[in-house]
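Trainee: First, the structure itself, so that you have it in front of you.
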Amino acid sequence: MDYLNYALPVAAYLFGSISAAILVCRLMGLPDPRGEGSGNPGATNVLRIGGRKAAAITLLGDMLKGLLPVLAARLLGLDDPWLGLTAAAAFLGHLYPVFFGFQGGKGVATMLGTLVPLCWPAGLATPFTWLVMAKLFRISSLSALIATALAPLYVWLFCHSAVLTAFTGGMTVLLFWRHRSNIRNLLAGTEGKIRSE
């Protein structure tokens, strides 16, 4: 079993490095998301350039990149440090993908995917928080920042694991770093809102 402890995080990173946004855009004949809109290879930018169907497929793909490796680790009986490391590896793969020059997305969907097998109540509470914030403020990035900021608290409250809370907190810090341009726009009052149509 020991070799799985090391193999799963490596596999999780490689799996996370597969860009759903880029692949979906190529398969659907859409422009490369890295060169259109915000330049971010994620579901929100794919929505801008390709519409809801492309964005939904991208969102699902990005979530599965986080969910499947951690679920595999959970089913194999790995303990919390290895579960957390596997989640972090998948998340880092999305942010810094080896297959795409280490230029990846911002990590919201992949982080949400990891939370489901890490601590399923937190995996439900975090996207629910996003939905509530999106309904209130109509700003995707603000909703994501609030929801993921609360994710470590949810993990601690529902699953009582200091290790998983720490790994979740680490992912939140990196996610905030990747959203630094959005944070500047929010402070300036120039961040775009979610389209209502």
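If you're wondering about the labels, chains in the structure tokens are A, B, ... by order shown, residues count from 1 in each chain, ligands from 1 in order shown.
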Just the residues within 7 Å of range 140-146 of chain A, please, counting only C-alpha atoms, with nothing from its chain fewer than 2 positions along; format it as a list in words.
Mentor: Val108, Trp130, Met133, Ala134, Arg138, Thr148, Ala149, Leu150, Phe176, Asn182, Lys193 and Ile194 of chain A
Trainee: Determine, counting only C-alpha atoms, which protein, DNA and RNA residues have an atom within 8 Å of an atom of range 159-171 of chain A; residues of the same chain fewer than 4 positions away are not included. Present the result as a PyMOL selection string.
Mentor: chain A and resi 80-81+83-85+88+91+111+118-119+149+151-155+175
Trainee: Rank A:Gly93, A:Pro121, A:Gly66, A:Gly50 by their smallest atom-to-atom distance to Gly37 in chain A, using only C-alpha atoms, and report the top residue only.
Mentor: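 Of A:Gly93, A:Pro121, A:Gly66, A:Gly50, the one nearest Gly37 in chain A, counting only C-alpha atoms, is A:Gly50.
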Trainee: List the spatial neighbours of Ile49 in chain A as a list in words - criterion: any atom at most 12 Å away, only C-alpha atoms, same-chain residues fewer than 4 positions off excluded.
Mentor: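 What passes the distance filter is Ala21, Ile22, Val24, Cys25, Met28, Gly29, Leu30, Pro31, Asp32, Pro33, Arg34, Gly35, Glu36, Gly37, Ser38, Gly39, Asn40, Pro41, Gly42, Ala43, Thr44, Asn45, Lys53, Ala54 and Ala55 of chain A.
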Trainee: Enter the distance from CA of Ser19 in chain A to CA of His94 in chain A, in Å, rounded to one decimal.
Mentor: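 Pair CA of Ser19 in chain A / CA of His94 in chain A returns 7.0 Å.
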Trainee: Between CA of Leu71 in chain A and CA of Thr110 in chain A, what is the distance in Å, rounded to a tenth?
Mentor: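 Computing it gives 13.1 Å between the two atoms.
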Trainee: For Leu67 in chain A, please output as a compact mmCIF listing (two decimals) with N, CA and C atoms, in the first residue's frame all residues within 8 Å (counting only C-alpha atoms; exclusion window: fewer than 6 positions along the same chain).
Mentor:
```txt
# COMPACT_ATOMS: atom_id res chain seq x y z
N THR A 110 -11.99 22.95 -9.40
CA THR A 110 -11.17 21.82 -8.99
C THR A 110 -11.11 21.71 -7.47
N GLY A 113 -14.30 20.24 -6.32
CA GLY A 113 -14.30 18.81 -6.57
C GLY A 113 -13.56 18.03 -5.50
N THR A 114 -12.44 18.56 -5.02
CA THR A 114 -11.67 17.86 -3.99
C THR A 114 -12.44 17.78 -2.67
N LEU A 115 -13.26 18.78 -2.40
CA LEU A 115 -13.94 18.84 -1.10
C LEU A 115 -14.96 17.73 -0.92
N VAL A 116 -15.56 17.26 -2.02
CA VAL A 116 -16.62 16.24 -1.89
C VAL A 116 -16.08 14.97 -1.24
N PRO A 117 -14.97 14.37 -1.71
CA PRO A 117 -14.46 13.19 -1.03
C PRO A 117 -13.62 13.51 0.21
```
Trainee: Would you mind listing what lies within 6 Å of range 12-16 of chain A as a PDB file with C-alpha atoms, in the first residue's frame, with only C-alpha atoms counted and same-chain residues fewer than 4 positions away left out?
Mentor:
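Generated output (out-v1.pdb):
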```pdb
ATOM      1  CA  LEU A   8      -1.596   8.907  -6.117  1.00  0.00           C
ATOM      2  CA  LYS A  65     -10.097  16.528 -11.851  1.00  0.00           C
ATOM      3  CA  PRO A  69      -8.140  11.328  -7.483  1.00  0.00           C
ATOM      4  CA  ALA A  89      -1.686  17.853  -6.029  1.00  0.00           C
ATOM      5  CA  ALA A  90      -4.790  17.797  -8.239  1.00  0.00           C
ATOM      6  CA  GLY A  93      -2.086  20.510 -11.487  1.00  0.00           C
ATOM      7  CA  HIS A  94      -4.988  22.720 -12.495  1.00  0.00           C
TER       8      HIS A  94
END
```
Trainee: Using only C-alpha atoms, find the one residue out of A:Tyr96, A:Phe158, A:Gly192, A:Leu136 that sits nearest to Ala122 in chain A.
Mentor: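 So, comparing all the options, the nearest one is A:Phe158.
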Trainee: From a backbone DSSP assignment, name each residue in range 98-173 of chain A labelled alpha helix (DSSP H), as a PyMOL selection string.
Mentor: chain A and resi 108-118+120-137+140-159+162-173
Trainee: Let me see the file: selected residues, C-alpha atoms, as a CSV table (one decimal), in the first residue's frame.
Mentor:
```csv
chain,number,residue,atom,x,y,z
A,108,VAL,CA,-12.4,27.2,-8.0
A,109,ALA,CA,-14.1,24.1,-9.6
A,110,THR,CA,-11.2,21.8,-9.0
A,111,MET,CA,-11.0,22.8,-5.3
A,112,LEU,CA,-14.8,22.2,-5.0
A,113,GLY,CA,-14.3,18.8,-6.6
A,114,THR,CA,-11.7,17.9,-4.0
A,115,LEU,CA,-13.9,18.8,-1.1
A,116,VAL,CA,-16.6,16.2,-1.9
A,117,PRO,CA,-14.5,13.2,-1.0
A,118,LEU,CA,-12.4,15.1,1.5
A,120,TRP,CA,-18.6,15.7,1.9
A,121,PRO,CA,-20.7,18.2,4.1
A,122,ALA,CA,-18.1,20.9,3.3
A,123,GLY,CA,-18.3,19.8,-0.3
A,124,LEU,CA,-22.0,20.6,-0.3
A,125,ALA,CA,-21.8,23.7,1.9
A,126,THR,CA,-19.1,25.5,-0.1
A,127,PRO,CA,-20.9,25.5,-3.5
A,128,PHE,CA,-24.2,26.3,-1.7
A,129,THR,CA,-22.4,29.4,-0.3
A,130,TRP,CA,-21.3,30.3,-3.8
A,131,LEU,CA,-24.8,30.0,-5.1
A,132,VAL,CA,-26.2,32.2,-2.3
A,133,MET,CA,-23.4,34.9,-2.8
A,134,ALA,CA,-23.9,34.8,-6.6
A,135,LYS,CA,-27.7,35.4,-6.1
A,136,LEU,CA,-27.0,38.3,-3.8
A,137,PHE,CA,-24.1,40.0,-5.5
A,140,SER,CA,-18.7,35.2,-9.8
A,141,SER,CA,-15.3,36.0,-8.4
A,142,LEU,CA,-16.6,37.5,-5.2
A,143,SER,CA,-18.9,34.5,-4.7
A,144,ALA,CA,-15.9,32.1,-5.2
A,145,LEU,CA,-13.7,34.1,-2.8
A,146,ILE,CA,-16.3,34.1,0.0
A,147,ALA,CA,-17.2,30.4,-0.5
A,148,THR,CA,-13.6,29.2,-0.6
A,149,ALA,CA,-12.7,31.4,2.4
A,150,LEU,CA,-15.3,29.6,4.4
A,151,ALA,CA,-14.3,26.1,3.1
A,152,PRO,CA,-11.6,25.5,5.8
A,153,LEU,CA,-14.1,26.5,8.5
A,154,TYR,CA,-16.7,24.1,7.0
A,155,VAL,CA,-14.1,21.2,6.9
A,156,TRP,CA,-13.2,21.9,10.6
A,157,LEU,CA,-16.8,22.1,11.7
A,158,PHE,CA,-18.1,19.1,9.9
A,159,CYS,CA,-15.1,16.7,9.8
A,162,ALA,CA,-6.9,19.6,11.5
A,163,VAL,CA,-4.9,18.1,8.7
A,164,LEU,CA,-7.7,18.4,6.1
A,165,THR,CA,-8.5,21.9,7.4
A,166,ALA,CA,-4.9,22.9,6.8
A,167,PHE,CA,-4.8,21.5,3.3
A,168,THR,CA,-8.1,23.2,2.5
A,169,GLY,CA,-6.7,26.4,3.9
A,170,GLY,CA,-3.6,26.1,1.8
A,171,MET,CA,-5.7,25.7,-1.4
A,172,THR,CA,-7.8,28.8,-0.3
A,173,VAL,CA,-4.6,30.9,0.0
```
Trainee: Considering only C-alpha atoms, return as a ChimeraX atom specification whatever protein or nucleic-acid residues lie within 7 Å of Lys106 in chain A, sequence-local ones (same chain, fewer than 6 positions apart) excluded.
Mentor: /A:95,175,178-179
Trainee: To one decimal place, how far is CA of Ala20 in chain A from CA of Leu59 in chain A in Å?
Mentor: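 A separation of 7.9 Å between them.
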